[in-house]
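Structure, as structure tokens:
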Amino acid sequence: WRARAASRSLNRDCGYSPMSSIGTGYDQSTTTFSPDGRVFQIEYAAKAVENSGTAVGIRCKDGVVLGVEKQKLSKMLVPGSNRRVYTVDKCTGMAVSGMMADARQIVNHARKESANYADFYGTQIPGNVLCDRVAGMMHAYTLYWYVRPFGSSALIASYSPDGPQLFAVEPSGLSHRFFAAAIGKSKNAAKSALEKLDLSTLTAKEAVKEVAKILYAQHDPSKDKPLELELSWVCDASNRLHQLVPADLAAEAEAAAKAARAAMDED
């Protein structure tokens with residue numbers, strides 16, 4: 001009993017707890033469950049997304065609008081570099097948040113799946129099929145000890161014959177279809193703002209301004225570095241093609257967002 005007492009004392013002195021809530025002993029591999037049924041490696045990957053810039057997607061009555069925020073880390077960076085909004089195929093786009101090196105591999109996989117589907121079936125891949133295939137690949141990286149989960153989440157915007165669609169895929173491989181969604185560090189505040197919008201009557205042009213306002217509302221100029229917005233859409237106005245929002249409309253939306261943020265600061 002003296003040896004057991006000494007061992008317990010040593011563990012207390014070293015700060016060791018066999019059932020620690022931070023995953024001690026259970027976070028070494030994605031194949032290990034904790035006693036309460038958690039896989040900590042997946043939770044850590046989700047945390048990497050929460051520490052990244054916010055991305056917002058809105059499905060409108062005539063299309064889907066995507067927007068992401070990027071902090072200008074240096075004045076020497078060329079505007080538009082290190083993209084976070086990508087085109088998968090003519091009618092599909094992706095906005096990503098999290099570790100960008102991981103996100104690019106997710107986008108590359110989505111492009112391969114889209115090309116393979118078009119080559120085999122001779123038509124555009126439906127948004128739900130693309131979402132399922134991307135989610136399946138991300139889930140596969142949570143099943144084996146010799147790989148790690150992707151530290152990124154993705155929003156997928158598609159305009160298929162069934163209409164505009166918006167999906168979100170998480171690092172665990174879980175996916176959902178949304179009317180509006182947000183990922184990244186300010187996702188909770190962004191979701192609260194999205195819930196106040198009337199998405200049944202909102203047009204894509206109006207949604208561009210709303211996305212810019214939501215992203216700027218979470219930005220504190222006194223603490224955070226300057227923002228660069230990336231806005232894209234796939235809608236009737238773009239002939240159902242995924243492309244960046246026209247520069248004049250993007251500038252107008254950003255100006256309205258800055259004015260709204262200034263009004264918030266005055267209040």
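So you can find residues: chains in the structure tokens are A, B, ... in the order shown, residues in each start at 1, and ligands are numbered from 1 in order.
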Sort by chain and increasing residue number a table of all residues of stretch 25-116 of chain A within 6 Å of stretch 227-244 of chain A, each with its closest pair of atoms and their distance in Å to one decimal, counting only C-alpha atoms, and write it as a Markdown table.
```
| residue | atom | partner | partner_atom | distance |
| --- | --- | --- | --- | --- |
| A:Asp62 | CA | A:Cys235 | CA | 5.6 |
| A:Gly63 | CA | A:Cys235 | CA | 3.8 |
| A:Val64 | CA | A:Val234 | CA | 5.5 |
| A:Val65 | CA | A:Trp233 | CA | 4.3 |
| A:Leu66 | CA | A:Ser232 | CA | 5.2 |
| A:Gly67 | CA | A:Leu231 | CA | 4.5 |
| A:Val68 | CA | A:Glu230 | CA | 5.3 |
| A:Glu69 | CA | A:Leu229 | CA | 4.9 |
| A:Lys70 | CA | A:Glu228 | CA | 5.1 |
| A:Gln71 | CA | A:Leu227 | CA | 4.7 |
| A:Lys72 | CA | A:Leu227 | CA | 5.9 |
| A:Lys90 | CA | A:Leu241 | CA | 5.4 |
| A:Cys91 | CA | A:Leu241 | CA | 4.7 |
| A:Thr92 | CA | A:His242 | CA | 5.8 |
| A:Gly93 | CA | A:His242 | CA | 5.9 |
```
Inset, instruction - Find the spatial neighbours of A:Ala193, counting only C-alpha atoms, within a cut-off of 12 Å - ignore same-chain residues fewer than 5 positions away - and output them as a VMD selection string. - result: chain A and resid 56 58 180 to 182 186 to 188 198 to 199 210 to 218
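The residue that comes closest to A:His139, out of A:Gly37, A:Gly98, A:Ala262, A:Leu174 and on the basis of only C-alpha atoms, is A:Leu174.
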Legend entry - Best match for closeness to A:Ala260 among A:Gly25, A:Lys209, A:Arg38, A:Phe33, counting only C-alpha atoms: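 Nearest candidate to A:Ala260 out of A:Gly25, A:Lys209, A:Arg38, A:Phe33: A:Lys209.
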Legend entry - Spatial neighbours of A:Glu50, 12 Å, only C-alpha atoms, chain gap at least 4 places, as a ChimeraX atom specification: /A:43-46,54-55,96-99,151-153,170-171,182-188
Legend entry - Residue list (strand (DSSP E), DSSP) for stretch 36-222 of chain A, as JSON, numbers by chain: {"A": [55, 56, 57, 58, 59, 63, 64, 65, 66, 67, 68, 69, 70, 71, 85, 86, 87, 88, 89, 92, 93, 94, 95, 96, 97, 98, 152, 153, 154, 155, 156, 157, 158, 159, 160, 163, 164, 165, 166, 167, 168, 169, 175, 176, 177, 180, 181, 182, 183]}
Inset, instruction - Would you list the contacts of A:Val134 as an MDAnalysis selection string, taking every protein, DNA or RNA residue within 12 Å and counting only C-alpha atoms, but skipping same-chain residues closer than 2 positions in sequence? - result: chainID A and resid 88 94 103 105:114 127:132 136:141 150 153:156 167:175
Inset, instruction - Extract the full set of alpha helix (DSSP H) residues from stretch 48-189 of chain A according to DSSP on the backbone, and format it as an NGL selection string. - result: :A and (48-50 or 100-121 or 127-140 or 187-189)
Inset, instruction - Grab the atom CA of A:Leu166 to atom CA of A:Ala135 distance for me, in Å with one decimal place. - result: 14.0 Å
Inset, instruction - Give the answer as one residue: which of A:Ala251, A:Ala101, A:Asp162, A:Leu202 has the shortest atom-to-atom distance to A:Phe179, using only C-alpha atoms? - result: A:Leu202
Inset, instruction - Find, counting only C-alpha atoms, the residue in A:Ala190, A:Ala207, A:Leu143, A:Met264 that gets nearest to A:Thr31. - result: A:Leu143
Inset, instruction - Enter the distance from atom CA of A:Asp102 to atom CA of A:Asn116, in Å, rounded to one decimal. - result: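 Between these atoms lies a distance of 21.5 Å.
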